[in-house]
>>> print(open('query_31.pdb').read())   # PDB, C-alpha atoms and all ligand atoms
ATOM      1  CA  MET Y1183      38.450 -78.300 -25.201  1.00  0.00           C
ATOM      2  CA  ARG Y1184      37.980 -74.625 -24.397  1.00  0.00           C
ATOM      3  CA  PHE Y1185      39.712 -72.443 -21.871  1.00  0.00           C
ATOM      4  CA  THR Y1186      41.010 -68.917 -21.524  1.00  0.00           C
ATOM      5  CA  LEU Y1187      44.751 -68.466 -21.968  1.00  0.00           C
ATOM      6  CA  ASN Y1188      46.186 -65.142 -20.883  1.00  0.00           C
ATOM      7  CA  GLY Y1189      42.787 -63.565 -21.351  1.00  0.00           C
ATOM      8  CA  VAL Y1190      42.191 -64.989 -24.823  1.00  0.00           C
ATOM      9  CA  PRO Y1191      39.664 -67.777 -25.474  1.00  0.00           C
ATOM     10  CA  VAL Y1192      41.412 -70.902 -26.761  1.00  0.00           C
ATOM     11  CA  SER Y1193      39.897 -73.941 -28.374  1.00  0.00           C
ATOM     12  CA  VAL Y1194      42.063 -77.040 -28.678  1.00  0.00           C
ATOM     13  CA  ASP Y1195      40.403 -79.344 -31.100  1.00  0.00           C
ATOM     14  CA  VAL Y1196      42.793 -82.231 -31.401  1.00  0.00           C
ATOM     15  CA  GLU Y1197      41.669 -85.725 -30.497  1.00  0.00           C
ATOM     16  CA  GLY Y1198      43.467 -87.047 -27.457  1.00  0.00           C
ATOM     17  CA  GLU Y1199      44.798 -83.656 -26.335  1.00  0.00           C
ATOM     18  CA  GLY Y1200      42.720 -83.719 -23.179  1.00  0.00           C
ATOM     19  CA  ALA Y1201      44.751 -86.582 -21.749  1.00  0.00           C
ATOM     20  CA  ARG Y1202      48.090 -84.921 -22.426  1.00  0.00           C
ATOM     21  CA  ARG Y1203      49.859 -82.857 -19.807  1.00  0.00           C
ATOM     22  CA  LEU Y1204      48.789 -79.228 -19.753  1.00  0.00           C
ATOM     23  CA  LEU Y1205      52.500 -78.371 -19.950  1.00  0.00           C
ATOM     24  CA  ASP Y1206      52.783 -80.120 -23.326  1.00  0.00           C
ATOM     25  CA  VAL Y1207      49.587 -78.681 -24.745  1.00  0.00           C
ATOM     26  CA  LEU Y1208      50.711 -75.185 -23.764  1.00  0.00           C
ATOM     27  CA  ARG Y1209      54.189 -75.555 -25.232  1.00  0.00           C
ATOM     28  CA  GLU Y1210      53.527 -77.735 -28.255  1.00  0.00           C
ATOM     29  CA  THR Y1211      49.903 -77.290 -29.287  1.00  0.00           C
ATOM     30  CA  VAL Y1212      49.286 -73.626 -28.621  1.00  0.00           C
ATOM     31  CA  GLU Y1213      53.019 -72.769 -28.813  1.00  0.00           C
ATOM     32  CA  MET Y1214      53.121 -70.737 -25.615  1.00  0.00           C
ATOM     33  CA  THR Y1215      56.669 -71.723 -24.761  1.00  0.00           C
ATOM     34  CA  GLY Y1216      57.329 -69.466 -21.775  1.00  0.00           C
ATOM     35  CA  THR Y1217      56.284 -72.298 -19.484  1.00  0.00           C
ATOM     36  CA  LYS Y1218      59.296 -74.544 -18.878  1.00  0.00           C
ATOM     37  CA  GLU Y1219      59.802 -78.161 -17.945  1.00  0.00           C
ATOM     38  CA  GLY Y1220      62.256 -78.948 -15.183  1.00  0.00           C
ATOM     39  CA  CYS Y1221      61.745 -82.173 -13.294  1.00  0.00           C
ATOM     40  CA  GLY Y1222      58.490 -83.270 -14.909  1.00  0.00           C
ATOM     41  CA  GLU Y1223      57.463 -84.773 -11.566  1.00  0.00           C
ATOM     42  CA  GLY Y1224      55.876 -81.968  -9.590  1.00  0.00           C
ATOM     43  CA  GLU Y1225      58.990 -81.116  -7.577  1.00  0.00           C
ATOM     44  CA  CYS Y1226      60.586 -78.000  -9.064  1.00  0.00           C
ATOM     45  CA  GLY Y1227      57.829 -75.547 -10.008  1.00  0.00           C
ATOM     46  CA  ALA Y1228      59.425 -74.622 -13.337  1.00  0.00           C
ATOM     47  CA  CYS Y1229      56.205 -75.515 -15.128  1.00  0.00           C
ATOM     48  CA  SER Y1230      54.007 -73.367 -12.890  1.00  0.00           C
ATOM     49  CA  VAL Y1231      50.981 -71.685 -14.402  1.00  0.00           C
ATOM     50  CA  LEU Y1232      47.965 -70.034 -12.822  1.00  0.00           C
ATOM     51  CA  ILE Y1233      44.694 -71.900 -13.062  1.00  0.00           C
ATOM     52  CA  ASP Y1234      41.819 -69.745 -11.884  1.00  0.00           C
ATOM     53  CA  GLY Y1235      44.363 -67.642 -10.012  1.00  0.00           C
ATOM     54  CA  ALA Y1236      46.156 -70.457  -8.162  1.00  0.00           C
ATOM     55  CA  VAL Y1237      49.735 -71.591  -8.851  1.00  0.00           C
ATOM     56  CA  VAL Y1238      49.683 -75.132 -10.253  1.00  0.00           C
ATOM     57  CA  ASN Y1239      52.386 -77.401 -11.669  1.00  0.00           C
ATOM     58  CA  SER Y1240      51.292 -77.897 -15.255  1.00  0.00           C
ATOM     59  CA  CYS Y1241      53.329 -81.113 -15.551  1.00  0.00           C
ATOM     60  CA  LEU Y1242      50.866 -82.753 -13.157  1.00  0.00           C
ATOM     61  CA  VAL Y1243      47.670 -81.525 -14.795  1.00  0.00           C
ATOM     62  CA  ALA Y1244      45.885 -83.256 -17.649  1.00  0.00           C
ATOM     63  CA  ALA Y1245      44.953 -80.631 -20.204  1.00  0.00           C
ATOM     64  CA  GLY Y1246      41.327 -81.723 -20.066  1.00  0.00           C
ATOM     65  CA  GLN Y1247      41.164 -80.550 -16.467  1.00  0.00           C
ATOM     66  CA  VAL Y1248      41.329 -76.891 -17.512  1.00  0.00           C
ATOM     67  CA  GLU Y1249      38.168 -77.030 -19.578  1.00  0.00           C
ATOM     68  CA  GLY Y1250      36.392 -73.741 -18.857  1.00  0.00           C
ATOM     69  CA  CYS Y1251      39.240 -72.444 -16.660  1.00  0.00           C
ATOM     70  CA  ASP Y1252      41.257 -69.251 -16.759  1.00  0.00           C
ATOM     71  CA  VAL Y1253      44.904 -70.185 -17.408  1.00  0.00           C
ATOM     72  CA  VAL Y1254      47.734 -67.658 -17.128  1.00  0.00           C
ATOM     73  CA  THR Y1255      51.312 -68.332 -18.191  1.00  0.00           C
ATOM     74  CA  VAL Y1256      54.339 -66.092 -17.746  1.00  0.00           C
ATOM     75  CA  GLU Y1257      53.493 -64.403 -21.043  1.00  0.00           C
ATOM     76  CA  GLY Y1258      50.267 -63.241 -19.417  1.00  0.00           C
ATOM     77  CA  LEU Y1259      52.129 -61.237 -16.771  1.00  0.00           C
ATOM     78  CA  ALA Y1260      53.205 -58.620 -19.302  1.00  0.00           C
ATOM     79  CA  GLU Y1261      51.246 -55.392 -19.579  1.00  0.00           C
ATOM     80  CA  GLU Y1262      48.569 -55.087 -22.250  1.00  0.00           C
ATOM     81  CA  ASP Y1263      50.892 -53.038 -24.434  1.00  0.00           C
ATOM     82  CA  GLY Y1264      53.515 -55.789 -24.300  1.00  0.00           C
ATOM     83  CA  GLN Y1265      55.798 -54.047 -21.791  1.00  0.00           C
ATOM     84  CA  LEU Y1266      57.250 -56.267 -19.121  1.00  0.00           C
ATOM     85  CA  SER Y1267      55.567 -56.070 -15.751  1.00  0.00           C
ATOM     86  CA  ALA Y1268      57.422 -54.356 -12.907  1.00  0.00           C
ATOM     87  CA  LEU Y1269      58.156 -57.792 -11.446  1.00  0.00           C
ATOM     88  CA  GLN Y1270      59.577 -59.129 -14.715  1.00  0.00           C
ATOM     89  CA  GLN Y1271      61.723 -56.011 -15.062  1.00  0.00           C
ATOM     90  CA  ALA Y1272      62.929 -56.343 -11.468  1.00  0.00           C
ATOM     91  CA  PHE Y1273      64.164 -59.874 -12.217  1.00  0.00           C
ATOM     92  CA  ILE Y1274      66.181 -58.495 -15.130  1.00  0.00           C
ATOM     93  CA  ASP Y1275      67.496 -55.478 -13.245  1.00  0.00           C
ATOM     94  CA  ARG Y1276      68.670 -57.578 -10.303  1.00  0.00           C
ATOM     95  CA  GLY Y1277      70.159 -60.442 -12.266  1.00  0.00           C
ATOM     96  CA  ALA Y1278      67.603 -62.870 -10.832  1.00  0.00           C
ATOM     97  CA  ALA Y1279      67.779 -65.248 -13.797  1.00  0.00           C
ATOM     98  CA  GLN Y1280      70.600 -67.254 -15.281  1.00  0.00           C
ATOM     99  CA  CYS Y1281      69.473 -70.251 -17.347  1.00  0.00           C
ATOM    100  CA  GLY Y1282      65.883 -69.063 -16.965  1.00  0.00           C
ATOM    101  CA  ILE Y1283      64.295 -72.477 -16.525  1.00  0.00           C
ATOM    102  CA  CYS Y1284      62.909 -71.604 -13.120  1.00  0.00           C
ATOM    103  CA  THR Y1285      62.137 -67.983 -13.946  1.00  0.00           C
ATOM    104  CA  PRO Y1286      58.600 -68.256 -15.364  1.00  0.00           C
ATOM    105  CA  GLY Y1287      57.468 -70.286 -12.370  1.00  0.00           C
ATOM    106  CA  MET Y1288      59.237 -67.961  -9.947  1.00  0.00           C
ATOM    107  CA  LEU Y1289      57.542 -64.975 -11.556  1.00  0.00           C
ATOM    108  CA  LEU Y1290      54.092 -66.527 -11.342  1.00  0.00           C
ATOM    109  CA  ALA Y1291      54.569 -67.597  -7.730  1.00  0.00           C
ATOM    110  CA  ALA Y1292      55.912 -64.144  -6.839  1.00  0.00           C
ATOM    111  CA  HIS Y1293      53.043 -62.486  -8.694  1.00  0.00           C
ATOM    112  CA  VAL Y1294      50.520 -64.401  -6.592  1.00  0.00           C
ATOM    113  CA  LEU Y1295      52.485 -63.704  -3.412  1.00  0.00           C
ATOM    114  CA  LEU Y1296      52.478 -59.956  -4.086  1.00  0.00           C
ATOM    115  CA  ARG Y1297      48.807 -60.040  -5.042  1.00  0.00           C
ATOM    116  CA  GLU Y1298      47.935 -61.651  -1.707  1.00  0.00           C
ATOM    117  CA  ASN Y1299      50.533 -59.843   0.393  1.00  0.00           C
ATOM    118  CA  PRO Y1300      51.711 -56.566  -1.173  1.00  0.00           C
ATOM    119  CA  LYS Y1301      54.328 -56.014   1.567  1.00  0.00           C
ATOM    120  CA  PRO Y1302      55.920 -59.409   2.155  1.00  0.00           C
ATOM    121  CA  SER Y1303      58.863 -59.864   4.498  1.00  0.00           C
ATOM    122  CA  VAL Y1304      61.952 -61.772   3.413  1.00  0.00           C
ATOM    123  CA  ASP Y1305      60.557 -64.830   5.163  1.00  0.00           C
ATOM    124  CA  ASP Y1306      57.193 -64.365   3.448  1.00  0.00           C
ATOM    125  CA  VAL Y1307      58.983 -64.368   0.084  1.00  0.00           C
ATOM    126  CA  ARG Y1308      60.968 -67.477   1.013  1.00  0.00           C
ATOM    127  CA  VAL Y1309      57.769 -69.280   1.962  1.00  0.00           C
ATOM    128  CA  GLY Y1310      55.921 -67.961  -1.092  1.00  0.00           C
ATOM    129  CA  LEU Y1311      58.615 -69.293  -3.414  1.00  0.00           C
ATOM    130  CA  ALA Y1312      59.238 -72.517  -1.520  1.00  0.00           C
ATOM    131  CA  GLY Y1313      57.644 -74.590  -4.270  1.00  0.00           C
ATOM    132  CA  ASN Y1314      60.007 -73.209  -6.891  1.00  0.00           C
ATOM    133  CA  LEU Y1315      63.566 -74.474  -7.128  1.00  0.00           C
ATOM    134  CA  CYS Y1316      66.455 -72.657  -8.812  1.00  0.00           C
ATOM    135  CA  ARG Y1317      69.672 -74.478  -9.591  1.00  0.00           C
ATOM    136  CA  CYS Y1318      71.545 -71.423 -10.853  1.00  0.00           C
ATOM    137  CA  THR Y1319      71.414 -68.199  -8.954  1.00  0.00           C
ATOM    138  CA  GLY Y1320      70.917 -69.040  -5.376  1.00  0.00           C
ATOM    139  CA  TYR Y1321      67.891 -67.245  -4.099  1.00  0.00           C
ATOM    140  CA  THR Y1322      69.226 -63.900  -2.904  1.00  0.00           C
ATOM    141  CA  LYS Y1323      68.752 -62.026  -6.174  1.00  0.00           C
ATOM    142  CA  ILE Y1324      65.354 -63.577  -6.753  1.00  0.00           C
ATOM    143  CA  ILE Y1325      64.200 -62.545  -3.288  1.00  0.00           C
ATOM    144  CA  ASP Y1326      65.663 -59.059  -3.802  1.00  0.00           C
ATOM    145  CA  ALA Y1327      63.703 -58.695  -7.039  1.00  0.00           C
ATOM    146  CA  VAL Y1328      60.448 -59.620  -5.335  1.00  0.00           C
ATOM    147  CA  LEU Y1329      61.136 -57.311  -2.394  1.00  0.00           C
ATOM    148  CA  ALA Y1330      61.775 -54.464  -4.853  1.00  0.00           C
ATOM    149  CA  CYS Y1331      58.171 -54.800  -6.018  1.00  0.00           C
ATOM    150  CA  ARG Y1332      56.570 -54.371  -2.607  1.00  0.00           C
ATOM    151  CA  LYS Y1333      53.873 -51.756  -2.620  1.00  0.00           C
TER     152      LYS Y1333
HETATM  153  S1  LIG R   1      58.475 -79.604 -14.317  1.00  0.00           S
HETATM  154 FE1  LIG R   1      56.623 -79.527 -13.243  1.00  0.00          FE
HETATM  155  S2  LIG R   1      57.197 -79.359 -11.161  1.00  0.00           S
HETATM  156 FE2  LIG R   1      59.080 -79.630 -12.215  1.00  0.00          FE
HETATM  157  S1  LIG R   2      67.916 -69.469 -13.304  1.00  0.00           S
HETATM  158 FE1  LIG R   2      68.472 -71.500 -13.815  1.00  0.00          FE
HETATM  159  S2  LIG R   2      67.211 -72.735 -12.564  1.00  0.00           S
HETATM  160 FE2  LIG R   2      66.855 -70.732 -11.874  1.00  0.00          FE
END
>>> encode(input="query_31.pdb", output="C-alpha cells")
Amino acid sequence: MRFTLNGVPVSVDVEGEGARRLLDVLRETVEMTGTKEGCGEGECGACSVLIDGAVVNSCLVAAGQVEGCDVVTVEGLAEEDGQLSALQQAFIDRGAAQCGICTPGMLLAAHVLLRENPKPSVDDVRVGLAGNLCRCTGYTKIIDAVLACRK
C-alpha cells in the first residue's frame, strides 16, 4: 500500500494492514503518533487527518482506502524547517490545549478553515470546528487562537 504522508512517499508492506483503521496504521505502523484517538466512533474529531486536502476521521477509514492519496497529519502542519506553524504557535500562546487529545484534530480543521476562508468570523470558526470536540478547555481559547491567525 502506497500513499504520501506529510509530503513523503510511504509504502506499508504488511499483510492485512489495508483492512486496519488508518488511525492505527498511522500511529502503530508508521509511528506518526500526533494523531489521537478519542471516541473511536467518528464523533469527536480527535483522529482527524487530511486526505487529499479534506478533513476526515481516521478512525472510520480503512487504511487501504488511502492508496495513492495525499495524507497529512498534525506533524505535517509544521514548517519545512521544523518550526511550528503560526496556527500551532497560536494554540500554545493562547493556552488552547490542555490534555491535547483534541488538539491535532482542531489544528487540522482550523488549518482547512483558514485555507478556505482566511478571514473567518467567530461564527465561521465555530462552524468550522463543529466536528471537533474538546472536553478540557471550553472553546473560547481555541477560537481565539484561530482568530489570531486571520490574514
Ligand atoms: S476518535 Fe475518530 S472521531 Fe473520535
Ligand atoms: S484539550 Fe483536552 S480534549 Fe481538548
>>> closest_residue(input="query_31.pdb", among="Y:Val1192, Y:Ile1283, Y:Leu1290, Y:Ala1312", to="Y:Val1231", atoms="only C-alpha atoms")
Y:Leu1290
>>> residues_near_ligand(input="query_31.pdb", ligand="ligand LIG 1 (chain R)", cutoff="6 Å", atoms="all atoms listed in the file", output="PyMOL selection string")
chain Y and resi 1219-1229+1239-1241
>>> closest_residue(input="query_31.pdb", among="Y:Thr1255, Y:Thr1285, Y:Thr1211, Y:Ser1303", to="Y:Ala1272", atoms="all atoms listed in the file")
Y:Thr1285
>>> residues_around(input="query_31.pdb", residues="Y:Ala1327", least_positions_apart="2", cutoff="12 Å", atoms="only C-alpha atoms", output="JSON, numbers by chain")
{"Y": [1268, 1269, 1270, 1271, 1272, 1273, 1274, 1275, 1276, 1277, 1278, 1279, 1285, 1288, 1289, 1292, 1293, 1296, 1304, 1307, 1321, 1322, 1323, 1324, 1325, 1329, 1330, 1331, 1332]}
>>> residues_near_ligand(input="query_31.pdb", ligand="ligand LIG 2 (chain R)", cutoff="8 Å", atoms="all atoms listed in the file", output="list in words")
Ala1278, Ala1279, Gln1280, Cys1281, Gly1282, Ile1283, Cys1284, Thr1285, Leu1315, Cys1316, Arg1317, Cys1318, Thr1319 and Gly1320 of chain Y
>>> closest_residue(input="query_31.pdb", among="Y:Val1309, Y:Cys1251, Y:Val1243, Y:Ala1291", to="Y:Gly1189", atoms="only C-alpha atoms")
Y:Cys1251
>>> resolve_selection(input="query_31.pdb", expression="the PyMOL selection byres (((chain Y and resi 1191) around 12) and not hetatm)", output="VMD selection string")
chain Y and resid 1183 to 1190 1192 to 1194 1212 1249 to 1254
>>> closest_residue(input="query_31.pdb", among="Y:Leu1259, Y:Ile1233, Y:Leu1311, Y:Ala1245", to="Y:Arg1209", atoms="all atoms listed in the file")
Y:Ala1245
>>> closest_residue(input="query_31.pdb", among="Y:Ala1201, Y:Asp1326, Y:Gly1287, Y:Glu1210", to="Y:Ser1230", atoms="only C-alpha atoms")
Y:Gly1287
>>> atom_distance(input="query_31.pdb", atom1="atom CA of Y:Val1294", atom2="atom CA of Y:Asp1263")
21.2 Å
>>> atom_distance(input="query_31.pdb", atom1="atom CA of Y:Leu1232", atom2="atom CA of Y:Lys1301")
21.1 Å
>>> atom_distance(input="query_31.pdb", atom1="atom CA of Y:Ala1236", atom2="atom CA of Y:Arg1297")
11.2 Å
>>> closest_residue(input="query_31.pdb", among="Y:Asp1195, Y:Asp1234, Y:Leu1295, Y:Met1214", to="Y:Val1256", atoms="all atoms listed in the file")
Y:Met1214
>>> axis_aligned_box(input="query_31.pdb", around="stretch 1235-1242 of chain Y", padding_each_side="6 Å", output="lines of an AutoDock Vina configuration file")
center_x = 48.8
center_y = -75.2
center_z = -11.9
size_x = 21.0
size_y = 27.1
size_z = 19.4
>>> resolve_selection(input="query_31.pdb", expression="the PyMOL selection byres (((chain Y and resi 1202) around 10) and not hetatm)", output="list in words")
Gly1198, Glu1199, Gly1200, Ala1201, Arg1203, Leu1204, Leu1205, Asp1206, Val1207, Cys1241, Leu1242, Val1243, Ala1244, Ala1245 and Gly1246 of chain Y
